[in-house]
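Text of the file data07.cif, holding mmCIF, C-alpha atoms:
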data_coords
#
loop_
_atom_site.label_atom_id
_atom_site.label_comp_id
_atom_site.auth_asym_id
_atom_site.auth_seq_id
_atom_site.Cartn_x
_atom_site.Cartn_y
_atom_site.Cartn_z
CA MET N 25 373.04 65.65 -80.60
CA THR N 26 370.40 68.18 -79.61
CA ASP N 27 367.10 67.99 -81.50
CA CYS N 28 364.59 70.80 -82.03
CA ALA N 29 362.37 69.82 -79.11
CA GLN N 30 365.32 69.69 -76.72
CA TYR N 31 366.61 73.02 -77.99
CA ARG N 32 363.26 74.75 -77.57
CA ARG N 33 362.69 73.24 -74.14
CA ALA N 34 366.07 74.58 -73.08
CA MET N 35 365.22 78.00 -74.49
CA LEU N 36 361.86 78.14 -72.75
CA ALA N 37 363.53 77.31 -69.45
CA ASP N 38 366.33 79.80 -69.98
CA PRO N 39 366.50 81.88 -73.17
CA GLN N 40 370.03 82.96 -72.21
CA ALA N 41 371.22 79.37 -72.00
CA ALA N 42 374.41 78.78 -73.94
CA SER N 43 376.27 75.54 -74.46
CA PRO N 44 378.25 74.13 -77.37
CA GLU N 45 375.44 71.66 -78.06
CA LEU N 46 372.79 74.36 -78.20
CA ALA N 47 375.01 76.60 -80.33
CA GLU N 48 375.67 73.79 -82.75
CA HIS N 49 371.99 73.05 -83.16
CA LEU N 50 371.20 76.73 -83.60
CA ALA N 51 373.81 77.08 -86.34
CA HIS N 52 372.14 74.38 -88.43
CA CYS N 53 368.44 74.95 -87.73
CA PRO N 54 366.81 78.07 -89.18
CA GLU N 55 363.45 77.16 -87.60
CA CYS N 56 364.96 77.15 -84.13
CA ALA N 57 366.86 80.34 -84.93
CA ALA N 58 363.54 82.00 -85.81
CA TYR N 59 361.96 80.49 -82.70
CA ARG N 60 364.77 81.85 -80.53
CA GLU N 61 364.41 85.28 -82.12
CA ARG N 62 360.71 85.39 -81.24
CA LEU N 63 361.38 84.08 -77.76
CA LEU N 64 364.01 86.74 -77.11
CA ARG N 65 361.56 89.43 -78.18
CA PHE N 66 359.04 88.00 -75.74
CA GLU N 67 361.77 87.88 -73.09
CA GLY N 68 362.46 91.58 -73.62
CA ARG N 69 358.79 92.34 -73.01
CA LEU N 70 358.77 90.07 -69.99
CA THR N 71 361.75 91.89 -68.51
CA ARG N 72 360.05 95.24 -69.01
CA ALA N 73 356.81 93.89 -67.58
CA LEU N 74 358.52 92.75 -64.41
CA ARG N 75 360.26 96.08 -63.97
CA ILE N 76 357.24 97.84 -62.56
CA ASP N 77 357.58 101.50 -61.76
CA VAL N 78 358.07 101.54 -58.03
CA GLN N 79 358.19 105.31 -57.83
CA ALA N 80 354.50 105.44 -56.98
CA ALA N 81 355.09 102.98 -54.21
CA HIS N 82 357.39 105.14 -52.16
CA GLU N 83 356.01 106.51 -48.97
CA PRO N 84 357.68 107.51 -45.74
CA ALA N 85 358.25 104.44 -43.67
CA GLN N 86 356.72 103.95 -40.28
CA VAL N 87 358.63 102.63 -37.36
CA PRO N 88 357.44 100.11 -34.83
CA PRO N 89 355.57 101.46 -31.81
CA MET N 90 357.84 101.70 -28.81
CA ARG N 91 357.26 99.91 -25.56
CA VAL N 92 358.41 101.38 -22.28
CA ARG N 93 360.99 99.15 -20.70
CA ARG N 94 363.97 99.29 -18.43
CA ASN N 95 366.31 101.04 -20.86
CA GLY N 96 363.55 103.23 -22.21
CA TRP N 97 365.72 106.13 -23.32
CA LEU N 98 368.05 103.79 -25.16
CA ALA N 99 365.14 102.18 -26.94
CA MET N 100 363.84 105.61 -27.85
CA ALA N 101 367.22 106.57 -29.27
CA ALA N 102 367.40 103.32 -31.19
CA SER N 103 363.93 103.81 -32.64
CA LEU N 104 364.86 107.33 -33.67
CA VAL N 105 367.90 106.01 -35.50
CA ILE N 106 365.74 103.45 -37.27
CA ALA N 107 363.19 106.12 -38.14
CA LEU N 108 365.87 108.37 -39.60
CA LEU N 109 367.52 105.51 -41.43
CA VAL N 110 364.43 104.05 -43.03
CA GLY N 111 362.78 107.43 -43.54
CA THR N 112 365.79 108.66 -45.44
CA LEU N 113 365.72 105.56 -47.62
CA TRP N 114 362.15 106.23 -48.59
CA LEU N 115 362.69 109.91 -49.19
CA GLY N 116 365.60 109.19 -51.47
CA ALA N 117 363.84 106.49 -53.37
CA PRO N 118 362.02 108.42 -56.13
CA HIS N 119 365.31 108.72 -57.98
CA ALA N 120 365.19 104.98 -58.52
CA SER N 121 362.75 105.57 -61.35
CA LEU N 122 365.40 107.50 -63.24
CA ALA N 123 367.82 104.67 -62.51
CA ALA N 124 365.29 102.16 -63.80
CA ASP N 125 364.93 104.10 -67.04
CA VAL N 126 368.70 104.25 -67.45
CA VAL N 127 368.94 100.50 -66.92
CA ALA N 128 366.06 99.86 -69.32
CA HIS N 129 367.87 101.95 -71.90
CA MET N 130 370.94 99.73 -71.62
CA ALA N 131 368.99 96.68 -72.76
CA GLY N 132 368.33 98.34 -76.08
CA GLU N 133 371.99 98.83 -76.98
CA PRO N 134 373.92 95.60 -76.49
CA GLU N 135 376.56 96.67 -78.99
CA ALA N 136 377.50 99.57 -76.75
CA TRP N 137 380.03 97.49 -74.81
CA ALA N 138 382.50 97.36 -77.73
CA ARG N 139 386.05 97.72 -76.51
CA SER N 140 387.89 99.37 -79.41
CA PRO N 141 388.56 103.13 -79.12
CA LEU N 142 386.14 105.41 -80.90
CA PRO N 143 387.63 107.76 -83.53
CA ALA N 144 387.53 111.36 -82.33
CA PRO N 145 385.41 112.55 -85.30
CA ASN N 146 382.67 110.18 -84.19
CA LEU N 147 382.74 111.37 -80.60
CA ALA N 148 382.81 115.15 -81.03
CA PRO N 149 379.36 115.59 -82.62
CA VAL N 150 377.68 113.54 -79.90
CA LEU N 151 379.26 115.66 -77.20
CA ALA N 152 378.69 118.91 -79.08
CA GLU N 153 374.98 118.21 -79.23
CA ALA N 154 374.96 118.30 -75.41
CA HIS N 155 377.21 121.39 -75.37
CA MET N 156 380.13 119.60 -73.83
CA ARG N 157 383.63 118.27 -74.44
CA LEU N 158 385.45 115.53 -72.60
CA ARG N 159 389.03 115.84 -71.45
CA PRO N 160 391.23 112.81 -72.17
CA ASP N 161 391.61 112.02 -68.47
CA ALA N 162 388.03 110.72 -68.51
CA GLY N 163 389.39 107.57 -70.16
CA THR N 164 389.18 105.98 -73.60
CA VAL N 165 385.74 106.34 -75.11
CA SER N 166 384.79 103.25 -77.09
CA TYR N 167 381.18 104.08 -77.87
CA ALA N 168 379.25 107.30 -78.31
CA GLN N 169 375.69 107.69 -79.41
CA SER N 170 373.14 110.43 -79.10
CA CYS N 171 370.19 108.56 -77.63
CA LEU N 172 366.60 109.53 -77.09
CA PHE N 173 366.00 109.35 -73.35
CA ARG N 174 362.88 110.69 -71.68
CA GLY N 175 362.16 112.93 -74.64
CA HIS N 176 365.65 114.38 -75.01
CA HIS N 177 368.72 113.37 -76.96
CA VAL N 178 371.50 112.63 -74.51
CA PRO N 179 375.09 111.41 -74.93
CA HIS N 180 375.42 107.70 -74.21
CA LEU N 181 379.10 106.89 -73.84
CA VAL N 182 381.11 103.84 -72.93
CA VAL N 183 384.42 104.62 -71.28
CA GLN N 184 387.10 101.97 -70.84
CA THR N 185 388.48 101.95 -67.31
CA ASP N 186 390.56 99.71 -65.05
CA MET N 187 387.35 98.02 -63.97
CA GLY N 188 386.28 97.40 -67.57
CA PRO N 189 383.75 99.23 -69.75
CA VAL N 190 381.65 101.77 -67.92
CA THR N 191 378.54 103.41 -69.36
CA VAL N 192 378.10 107.12 -68.90
CA MET N 193 374.88 108.92 -69.74
CA VAL N 194 374.90 112.68 -69.54
CA LEU N 195 371.40 113.63 -68.41
CA VAL N 196 371.32 117.39 -68.78
CA HIS N 197 367.54 117.43 -68.41
CA GLU N 198 367.45 115.26 -65.28
CA PRO N 199 368.53 117.23 -62.23
CA VAL N 200 368.83 115.23 -59.01
CA ALA N 201 369.22 116.57 -55.51
CA ALA N 202 371.88 114.16 -54.32
CA THR N 203 374.00 111.24 -55.44
CA ARG N 204 372.04 108.02 -55.64
CA MET N 205 373.38 104.51 -55.96
CA PHE N 206 371.42 101.74 -57.61
CA ASP N 207 371.67 98.05 -58.27
CA GLU N 208 368.95 97.04 -60.64
CA GLY N 209 368.29 94.58 -63.40
CA GLY N 210 371.88 93.36 -63.58
CA TYR N 211 373.47 96.81 -63.50
CA ARG N 212 375.14 98.71 -60.69
CA GLY N 213 375.71 102.39 -60.78
CA THR N 214 375.25 105.86 -59.51
CA ILE N 215 373.46 109.02 -60.57
CA VAL N 216 375.44 112.09 -59.66
CA PRO N 217 374.13 115.65 -59.65
CA VAL N 218 375.89 118.13 -61.91
CA PRO N 219 374.84 121.59 -60.74
CA GLY N 220 373.40 123.57 -63.63
CA HIS N 221 373.69 120.63 -66.01
CA GLY N 222 371.34 117.98 -64.66
CA SER N 223 373.08 114.76 -63.73
CA ILE N 224 375.24 111.98 -65.05
CA ALA N 225 374.51 108.29 -64.71
CA VAL N 226 377.48 105.94 -64.51
CA LEU N 227 376.94 102.20 -64.45
CA VAL N 228 378.55 98.85 -65.01
CA LYS N 229 377.16 95.47 -65.89
CA GLY N 230 376.47 92.93 -63.16
CA GLU N 231 379.19 92.20 -60.67
CA GLU N 232 382.01 93.77 -62.69
CA GLY N 233 382.74 96.38 -60.10
CA ASP N 234 381.75 97.48 -56.67
CA LEU N 235 379.82 100.65 -56.05
CA ALA N 236 382.82 102.44 -54.54
CA GLN N 237 384.73 101.99 -57.80
CA VAL N 238 381.75 103.20 -59.79
CA GLU N 239 381.58 106.30 -57.59
CA SER N 240 385.23 106.94 -58.24
CA VAL N 241 384.78 106.66 -62.01
CA ALA N 242 381.75 108.94 -61.84
CA ALA N 243 383.75 111.58 -60.01
CA ARG N 244 386.54 111.37 -62.58
CA VAL N 245 384.21 111.64 -65.55
CA LYS N 246 382.31 114.50 -63.98
CA GLU N 247 385.56 116.40 -63.51
CA ALA N 248 386.60 115.70 -67.10
CA ILE N 249 383.50 117.28 -68.65
CA VAL N 250 384.00 120.74 -70.08
CA TRP N 251 380.71 122.54 -70.64
CA THR N 252 380.61 124.71 -73.71
CA GLY N 253 377.11 126.09 -73.39
CA MET G 23 340.40 95.73 -38.15
CA THR G 24 340.29 93.17 -35.36
CA PRO G 25 341.39 94.02 -31.83
CA ASP G 26 344.70 92.20 -32.18
CA GLY G 27 345.41 94.17 -35.33
CA ILE G 28 346.74 91.24 -37.31
CA SER G 29 343.91 89.28 -38.80
CA ILE G 30 343.01 91.42 -41.77
CA PRO G 31 344.29 89.50 -44.73
CA VAL G 32 343.46 91.87 -47.52
CA GLY G 33 342.09 95.35 -47.36
CA PRO G 34 342.57 98.90 -48.53
CA ARG G 35 346.16 100.00 -48.79
CA GLY G 36 347.58 101.01 -45.45
CA TRP G 37 345.83 98.42 -43.32
CA HIS G 38 348.62 95.95 -43.82
CA ARG G 39 351.23 98.28 -42.49
CA ASP G 40 349.24 99.24 -39.40
CA ALA G 41 348.48 95.62 -38.73
CA LEU G 42 352.04 94.54 -39.19
CA LEU G 43 353.60 97.16 -37.00
CA SER G 44 351.11 97.00 -34.20
CA ARG G 45 351.19 93.27 -33.86
CA PRO G 46 351.99 91.96 -30.42
CA GLY G 47 355.45 90.70 -29.67
CA TYR G 48 357.28 92.91 -32.09
CA ASP G 49 360.99 92.59 -31.49
CA GLU G 50 362.34 96.01 -30.76
CA PRO G 51 365.86 96.79 -31.88
CA GLU G 52 368.43 96.31 -29.17
CA ALA G 53 369.60 99.67 -27.97
CA ASP G 54 373.12 98.38 -27.36
CA LEU G 55 373.55 97.80 -31.05
CA TYR G 56 373.16 101.46 -31.82
CA MET G 57 375.32 102.62 -28.97
CA LYS G 58 378.13 100.48 -30.30
CA ASP G 59 377.51 101.86 -33.71
CA ASP G 60 377.75 105.40 -32.43
CA VAL G 61 381.04 104.63 -30.78
CA GLY G 62 382.27 103.05 -33.98
CA GLY G 63 381.21 106.01 -36.06
CA ASN G 64 378.61 106.50 -38.79
CA VAL G 65 380.45 104.89 -41.67
CA GLY G 66 378.80 101.50 -41.28
CA ARG G 67 375.37 102.99 -41.00
CA ALA G 68 375.85 105.25 -44.01
CA ARG G 69 377.14 102.35 -46.07
CA PHE G 70 374.24 100.17 -45.04
CA GLN G 71 371.85 102.97 -45.86
CA ALA G 72 373.38 103.42 -49.31
CA LEU G 73 373.14 99.70 -49.89
CA CYS G 74 369.46 99.60 -48.94
CA GLN G 75 368.79 102.58 -51.11
CA ALA G 76 370.48 100.98 -54.10
CA LEU G 77 368.72 97.66 -53.70
CA ARG G 78 365.29 98.80 -52.64
CA PRO G 79 363.64 99.16 -56.07
CA ASP G 80 364.45 95.57 -57.04
CA LEU G 81 363.57 94.29 -53.57
CA LEU G 82 360.21 96.00 -53.78
CA ARG G 83 359.62 94.58 -57.25
CA PHE G 84 360.50 91.11 -56.04
CA ALA G 85 358.18 91.40 -53.04
CA PHE G 86 355.44 92.77 -55.27
CA TRP G 87 355.62 89.87 -57.72
CA LEU G 88 355.79 87.46 -54.82
CA SER G 89 352.73 88.84 -53.07
CA ARG G 90 350.90 90.55 -55.96
CA ASP G 91 350.00 93.18 -53.41
CA LEU G 92 351.85 96.47 -53.30
CA ALA G 93 350.88 97.40 -49.76
CA LEU G 94 351.96 94.01 -48.50
CA ALA G 95 355.17 94.22 -50.54
CA GLU G 96 356.01 97.56 -48.97
CA ASP G 97 355.44 96.14 -45.51
CA VAL G 98 357.57 93.12 -46.24
CA VAL G 99 360.43 95.22 -47.60
CA GLN G 100 360.23 97.61 -44.69
CA GLU G 101 360.31 94.76 -42.21
CA THR G 102 363.13 93.15 -44.19
CA MET G 103 365.27 96.26 -43.92
CA LEU G 104 364.72 96.50 -40.20
CA ARG G 105 365.64 92.85 -39.76
CA ALA G 106 368.63 93.25 -42.05
CA TRP G 107 369.83 96.25 -40.07
CA LYS G 108 369.66 94.23 -36.88
CA ALA G 109 371.48 91.32 -38.48
CA ARG G 110 373.92 93.37 -40.55
CA ASP G 111 376.94 91.76 -38.91
CA SER G 112 376.09 88.55 -40.71
CA LEU G 113 376.54 90.21 -44.10
CA LYS G 114 380.17 89.65 -44.92
CA SER G 115 380.36 91.29 -48.34
CA GLU G 116 378.35 93.89 -50.17
CA SER G 117 378.34 91.77 -53.29
CA ALA G 118 376.32 89.18 -51.38
CA ALA G 119 373.79 91.76 -50.24
CA LYS G 120 371.09 91.20 -52.81
CA PRO G 121 370.68 87.44 -52.27
CA TRP G 122 370.90 88.08 -48.54
CA PHE G 123 368.04 90.59 -48.69
CA LEU G 124 366.02 88.37 -51.00
CA THR G 125 366.29 85.48 -48.59
CA ILE G 126 365.08 87.70 -45.76
CA ILE G 127 362.21 88.93 -47.93
CA ARG G 128 361.11 85.37 -48.71
CA ARG G 129 361.18 84.43 -45.03
CA GLU G 130 359.41 87.61 -44.02
CA TYR G 131 356.74 87.06 -46.65
CA ALA G 132 356.24 83.50 -45.46
CA ARG G 133 355.99 84.70 -41.86
CA THR G 134 353.47 87.37 -42.82
CA PHE G 135 351.48 84.85 -44.81
CA GLU G 136 351.43 82.43 -41.90
CA ARG G 137 350.70 85.08 -39.32
CA LYS G 138 347.84 86.67 -41.17
CA ARG G 139 346.46 83.45 -42.62
CA LEU G 140 345.88 85.24 -45.89
CA VAL G 141 342.77 84.05 -47.65
CA THR G 142 342.80 83.02 -51.27
CA VAL G 143 341.72 85.96 -53.35
CA ASP G 144 340.33 85.92 -56.84
CA VAL G 145 343.09 86.79 -59.31
CA ASP G 146 340.85 89.18 -61.20
CA GLU G 147 340.25 91.02 -57.94
CA LEU G 148 343.99 91.27 -57.35
CA ILE G 149 344.52 92.53 -60.87
CA ALA G 150 341.81 95.15 -60.45
CA ARG G 151 343.26 96.25 -57.11
CA GLU G 152 346.79 96.63 -58.47
CA GLU G 153 345.71 98.10 -61.78
CA PRO G 154 347.74 101.33 -61.29
CA MET G 155 350.91 99.26 -60.85
CA LEU G 156 350.15 96.96 -63.77
CA ALA G 157 349.29 99.72 -66.20
CA ALA G 158 352.05 100.65 -68.60
CA ALA G 159 351.90 103.99 -70.35
CA HIS G 160 351.39 103.62 -74.10
CA ASP G 161 351.83 99.86 -73.94
CA GLN G 162 348.73 97.77 -73.54
CA ASP G 163 350.70 94.60 -74.31
CA LEU G 164 352.85 95.20 -71.26
CA ALA G 165 349.82 95.68 -69.04
CA GLU G 166 348.37 92.42 -70.35
CA LEU G 167 351.62 90.62 -69.75
CA ARG G 168 351.64 91.86 -66.17
CA ALA G 169 348.10 90.65 -65.68
CA ALA G 170 349.16 87.28 -67.09
CA LEU G 171 352.03 87.17 -64.60
CA PHE G 172 349.49 87.64 -61.82
CA LYS G 173 347.74 84.50 -63.02
CA LEU G 174 350.82 82.31 -62.87
CA PRO G 175 350.96 80.01 -59.84
CA GLU G 176 353.48 81.21 -57.27
CA GLU G 177 355.56 78.07 -57.83
CA TYR G 178 356.21 79.23 -61.38
CA ARG G 179 356.16 82.98 -60.86
CA GLU G 180 358.84 83.06 -58.17
CA PRO G 181 361.64 81.27 -60.06
CA LEU G 182 360.77 83.27 -63.16
CA VAL G 183 361.13 86.55 -61.28
CA LEU G 184 364.39 85.41 -59.72
CA GLN G 185 365.75 84.51 -63.14
CA VAL G 186 364.53 87.41 -65.25
CA LEU G 187 364.44 90.28 -62.78
CA MET G 188 367.17 89.28 -60.35
CA GLY G 189 369.52 87.61 -62.82
CA TYR G 190 369.79 84.39 -60.81
CA SER G 191 371.26 81.32 -62.47
CA THR G 192 369.38 78.03 -62.36
CA ALA G 193 371.70 76.76 -59.63
CA GLU G 194 371.18 79.91 -57.55
CA ILE G 195 367.40 79.63 -57.89
CA ALA G 196 367.61 75.98 -56.88
CA ALA G 197 369.63 76.87 -53.79
CA GLU G 198 367.29 79.70 -52.82
CA LEU G 199 364.12 77.66 -53.27
CA GLY G 200 365.52 74.39 -51.99
CA LEU G 201 364.85 72.55 -55.25
CA THR G 202 366.90 70.51 -57.68
CA THR G 203 368.10 72.28 -60.82
CA GLY G 204 365.90 69.91 -62.84
CA ALA G 205 362.83 71.00 -60.89
CA VAL G 206 363.74 74.65 -61.38
CA LEU G 207 364.14 74.19 -65.14
CA THR G 208 360.78 72.45 -65.30
CA ARG G 209 359.10 75.29 -63.43
CA LEU G 210 360.73 77.90 -65.65
CA PHE G 211 359.71 75.97 -68.75
CA ARG G 212 356.12 75.76 -67.55
CA ALA G 213 356.09 79.38 -66.46
CA ARG G 214 357.01 80.67 -69.92
CA LYS G 215 354.80 78.17 -71.66
CA GLN G 216 351.76 79.22 -69.62
CA LEU G 217 352.61 82.87 -69.91
CA ARG G 218 352.85 82.67 -73.67
CA VAL G 219 349.46 80.99 -73.86
CA LEU G 220 347.92 83.58 -71.54
CA CYS G 221 349.37 86.36 -73.70
CA GLY G 222 348.06 84.87 -76.93
CA GLU G 223 351.53 84.26 -78.35
CA ASP G 224 351.98 81.88 -81.26
CA THR G 225 352.85 78.70 -79.39
CA SER G 226 352.63 76.34 -82.35
CA MET G 227 356.39 75.78 -82.24
CA ASP G 228 356.56 75.41 -78.46
CA PRO G 229 357.67 71.93 -77.40
CA GLU G 230 355.66 69.60 -75.24
CA GLU G 231 356.90 68.52 -71.84
CA THR G 232 358.96 65.38 -71.59
CA SER G 233 357.59 62.47 -69.63
CA SER G 234 359.96 63.20 -66.74
CA GLU G 235 358.71 66.79 -66.62
CA VAL G 236 355.11 65.66 -66.68
CA ALA G 237 355.93 63.30 -63.80
CA ARG G 238 356.77 66.28 -61.62
CA LYS G 239 353.66 67.34 -59.80
CA ASP G 240 352.07 70.41 -61.28
CA PRO G 241 351.02 72.86 -58.56
CA ALA G 242 347.39 73.78 -58.60
CA PRO G 243 346.80 77.14 -60.24
#

Would you write the structure of this file as C-alpha cells?
Amino acid sequence: MTDCAQYRRAMLADPQAASPELAEHLAHCPECAAYRERLLRFEGRLTRALRIDVQAAHEPAQVPPMRVRRNGWLAMAASLVIALLVGTLWLGAPHASLAADVVAHMAGEPEAWARSPLPAPNLAPVLAEAHMRLRPDAGTVSYAQSCLFRGHHVPHLVVQTDMGPVTVMVLVHEPVAATRMFDEGGYRGTIVPVPGHGSIAVLVKGEEGDLAQVESVAARVKEAIVWTG
Amino acid sequence: MTPDGISIPVGPRGWHRDALLSRPGYDEPEADLYMKDDVGGNVGRARFQALCQALRPDLLRFAFWLSRDLALAEDVVQETMLRAWKARDSLKSESAAKPWFLTIIRREYARTFERKRLVTVDVDELIAREEPMLAAAHDQDLAELRAALFKLPEEYREPLVLQVLMGYSTAEIAAELGLTTGAVLTRLFRARKQLRVLCGEDTSMDPEETSSEVARKDPAP
C-alpha cells in the first residue's frame, strides 16, 4: 500500500510516473491529488524553461583548418563537403524556433488527440476562418480548433491516418523558405511551405512514426487543402 | 589566448570555437569516406543532413544545459555533428539517432572539459553571461526558473534535462549515465526538490528523503 510520502517521492522523481499502486493512492487521497496538480503545473513551467530559444544561437559553422598532406586535394574536397553540410544545417536552423513554438502549443491541448471523427458542422467554421476547405482525401479529422498562435488564430487539426493521429497546423502567417524537419520535445514533424499561404506544420507524438511517413502525410494534406480566399 | 589556442577556459563568445578548431592534433575527415559517398550518391548525405537539422535544436539545448555556456554548447554540437558524420555507419536506425547524438555530445563535452581544464566559475557570473538566453519574454518566472536550473549541481541537472527535455525514461537515463535506476530516481527527486526551493515554491507538502536516499552521497553544489 502506497502512503502519501511514497507517492510524493515518486512524483518528485517522475511526475509522469504511473503504476496501479500510485493510481490507487491518488484515487483515495485528495491531498496528494492537489499536490500532483501543483507539481504538474510546475513541471509545465520547467519544460518551458528548458526549451530555450536557440534561434539566437545559430551562426554559420566553421570548419577545421586544413593541413597539407599527401592527398591534399582529397582533404580539401572533404573539408568543402563538411563546410557545405554543416553550413547548410546552420543556415536552415532558424526555422527551428517556429517548430519549437508548434511543439510548445501541443502541450497546451492534450485533449486534441481524441480519435472519434469530428462532425462536419464543427470543422467548417474553423477552416472557414482561415479561408480554406479540406477535401476528404486528407483523412478523417477528429479535432479542430481555432488556436491563437503567434498572434494569429490558426486551424489546429488532428487527422487520423494509418500511422495514427497526426496534428496539422495551418500557419498562413508563417511563410518558410523550404521544408524543415524537426524532432523536438517528444514530437517529430515537418514544416512545409505553402506558396502564398504561409506554411503547414504536421507532427506526430514521440516515436509513433518516422519522418518519411510524416512527410508523406504532409504532402497529402497540403494537396487536400482548397483555398477559398 | 595562449599560443596553443586551447587553454582559455571561459571568455567572450567566439573564443571557444577558435580554440577548439585550432587545437593541435585535430582529426581531419578521411577523404576516402567522401569519395565513397559520392560514388554511392547523395541520398545518404541528404538524409544525414535532414536528421541533423531536425535534431539540432534539442541537441543544442541539451549541450547548453550541460555546459551552461552557449558558446561552448555550440562548439560541442558542431564537433558532435562532425564526429557523427564520420561515424555515421555505426548508426543503424534513424529512430536511434537522438540517443546516439546525445551520447556523442556527452563524450565531446567531457573531452572539452578535460582538454581545457575549465575552471570553476561563479554561478552568478554564468547567469549574468547567459542572461540573453535565460530571459523569457513576458515571463519573469521562467527566467528565474532558468537561473535556478543554472544553480543545480550537474549531477542533478543532467538527468533532469534528459527526463524532461529529451523524454528519457528512468532506465534510459540510468543506461546513459551509468547509474542504477535507484540512483537516477534519487537524483531526480533531489533535483526537483532543490529547484522548488530555489524558485520559492510552497514545499510544505514535499516529502523528506528516505534513509536509503540520504545514504547516497550528495554531490557538492

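Listed by chain and then by number, the residues chosen by the PyMOL selection byres ((chain G) within 6 of (chain N)) in this file are G:Leu43, G:Ala53, G:Gln75, G:Ala76, G:Leu77, G:Asp80, G:Leu164, G:Arg168, G:Leu187, G:Leu207, G:Leu210, G:Phe211, G:Pro229.
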
(request) Just say which residues the PyMOL selection byres ((chain N and resi 251) around 8) picks in this file, as a PyMOL selection string. (result) chain N and resi 155-157+249-250+252-253

(request) Point out the residue among G:Phe135, G:Tyr190, G:Phe86, G:Trp107 with the least atom-to-atom distance to G:Glu152, counting only C-alpha atoms. (result)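 Residue with the minimum atom-to-atom distance to G:Glu152: G:Phe86.
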
(message) For a test of reading the model, state the distance in Å between atom CA of N:His221 and atom CA of G:Phe70, rounded to one decimal.
(response)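 According to the coordinates, atom CA of N:His221 and atom CA of G:Phe70 are separated by 29.3 Å.
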
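Interatomic distance, atom CA of G:Asp111 against atom CA of G:Val183: 27.9 Å.
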
(request) Work out how far apart atom CA of N:Leu46 and atom CA of G:Arg179 are and give it in Å to one decimal. (result)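 Going from atom CA of N:Leu46 over to atom CA of G:Arg179, I get 25.5 Å.
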
(request) Do a neighbour search on stretch 240-247 of chain N at 9 Å with all atoms listed in the file, toss out local chain neighbours closer than 4 positions, and write the hits as a VMD selection string. (result) chain N and resid 158 to 159 161 to 163 185 190 192 213 to 216 218 224 to 227 235 to 236

Would you save the residues of that selection, restricted to C-alpha atoms, as a short mmCIF file (atom, residue, chain, number, x, y, z; two decimals), keeping the file's coordinate frame?
data_model
loop_
_atom_site.label_atom_id
_atom_site.label_comp_id
_atom_site.auth_asym_id
_atom_site.auth_seq_id
_atom_site.Cartn_x
_atom_site.Cartn_y
_atom_site.Cartn_z
CA LEU N 158 385.45 115.53 -72.60
CA ARG N 159 389.03 115.84 -71.45
CA ASP N 161 391.61 112.02 -68.47
CA ALA N 162 388.03 110.72 -68.51
CA GLY N 163 389.39 107.57 -70.16
CA THR N 185 388.48 101.95 -67.31
CA VAL N 190 381.65 101.77 -67.92
CA VAL N 192 378.10 107.12 -68.90
CA GLY N 213 375.71 102.39 -60.78
CA THR N 214 375.25 105.86 -59.51
CA ILE N 215 373.46 109.02 -60.57
CA VAL N 216 375.44 112.09 -59.66
CA VAL N 218 375.89 118.13 -61.91
CA ILE N 224 375.24 111.98 -65.05
CA ALA N 225 374.51 108.29 -64.71
CA VAL N 226 377.48 105.94 -64.51
CA LEU N 227 376.94 102.20 -64.45
CA LEU N 235 379.82 100.65 -56.05
CA ALA N 236 382.82 102.44 -54.54
#

List, as a PDB file with C-alpha atoms, in the coordinates of the input, every residue that the PyMOL selection byres ((chain G and resi 92) around 9) selects in the file provided.
ATOM      1  CA  ALA N  81     355.090 102.980 -54.210  1.00  0.00           C
TER       2      ALA N  81
ATOM      3  CA  ARG G  35     346.160 100.000 -48.790  1.00  0.00           C
ATOM      4  CA  LEU G  82     360.210  96.000 -53.780  1.00  0.00           C
ATOM      5  CA  ARG G  83     359.620  94.580 -57.250  1.00  0.00           C
ATOM      6  CA  ALA G  85     358.180  91.400 -53.040  1.00  0.00           C
ATOM      7  CA  PHE G  86     355.440  92.770 -55.270  1.00  0.00           C
ATOM      8  CA  TRP G  87     355.620  89.870 -57.720  1.00  0.00           C
ATOM      9  CA  SER G  89     352.730  88.840 -53.070  1.00  0.00           C
ATOM     10  CA  ARG G  90     350.900  90.550 -55.960  1.00  0.00           C
ATOM     11  CA  ASP G  91     350.000  93.180 -53.410  1.00  0.00           C
ATOM     12  CA  ALA G  93     350.880  97.400 -49.760  1.00  0.00           C
ATOM     13  CA  LEU G  94     351.960  94.010 -48.500  1.00  0.00           C
ATOM     14  CA  ALA G  95     355.170  94.220 -50.540  1.00  0.00           C
ATOM     15  CA  GLU G  96     356.010  97.560 -48.970  1.00  0.00           C
ATOM     16  CA  ASP G  97     355.440  96.140 -45.510  1.00  0.00           C
ATOM     17  CA  GLU G 152     346.790  96.630 -58.470  1.00  0.00           C
ATOM     18  CA  MET G 155     350.910  99.260 -60.850  1.00  0.00           C
TER      19      MET G 155
END

So which residues touch N:Leu147 within 6 Å, counting all atoms listed in the file, skipping near sequence neighbours fewer than 3 positions away, as an mmCIF file with C-alpha atoms, in the frame of the given file?
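File written: around_38.cif
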data_model
loop_
_atom_site.group_PDB
_atom_site.id
_atom_site.type_symbol
_atom_site.label_atom_id
_atom_site.label_comp_id
_atom_site.auth_asym_id
_atom_site.auth_seq_id
_atom_site.Cartn_x
_atom_site.Cartn_y
_atom_site.Cartn_z
ATOM 1 C CA ALA N 144 387.530 111.360 -82.330
ATOM 2 C CA VAL N 150 377.680 113.540 -79.900
ATOM 3 C CA ALA N 168 379.250 107.300 -78.310
#

Where is the centre and how long are the edges: axis-aligned box on stretch 203-220 of chain N, 6 Å on each side, Å to one decimal, as JSON:
{"center_x": 372.1, "center_y": 108.5, "center_z": -59.5, "size_x": 19.6, "size_y": 42.2, "size_z": 20.2}

(message) My list of candidates is N:Glu45, N:Glu153, N:Asp125, N:Asp27. Which is closest to N:His177 when distances are computed with only C-alpha atoms?
(response) N:Glu153

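With distances taken over all atoms listed in the file, N:Pro179 is the one residue among N:Pro189, N:Pro44, N:Gly220, N:Pro179 lying closest to N:Ala152.
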
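Among the candidate residues N:Pro160, N:Gly222, N:Gly188, N:Pro145, the one lying nearest to N:Gln237 is N:Gly188, with distances computed using only C-alpha atoms.
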
(request) Name the closest residue to G:Leu88 among the candidates G:Leu73, G:Val186, G:Val206, G:Ala132; distances are taken between atoms, counting all atoms listed in the file. (result)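 Result for the nearest residue to G:Leu88: G:Ala132.
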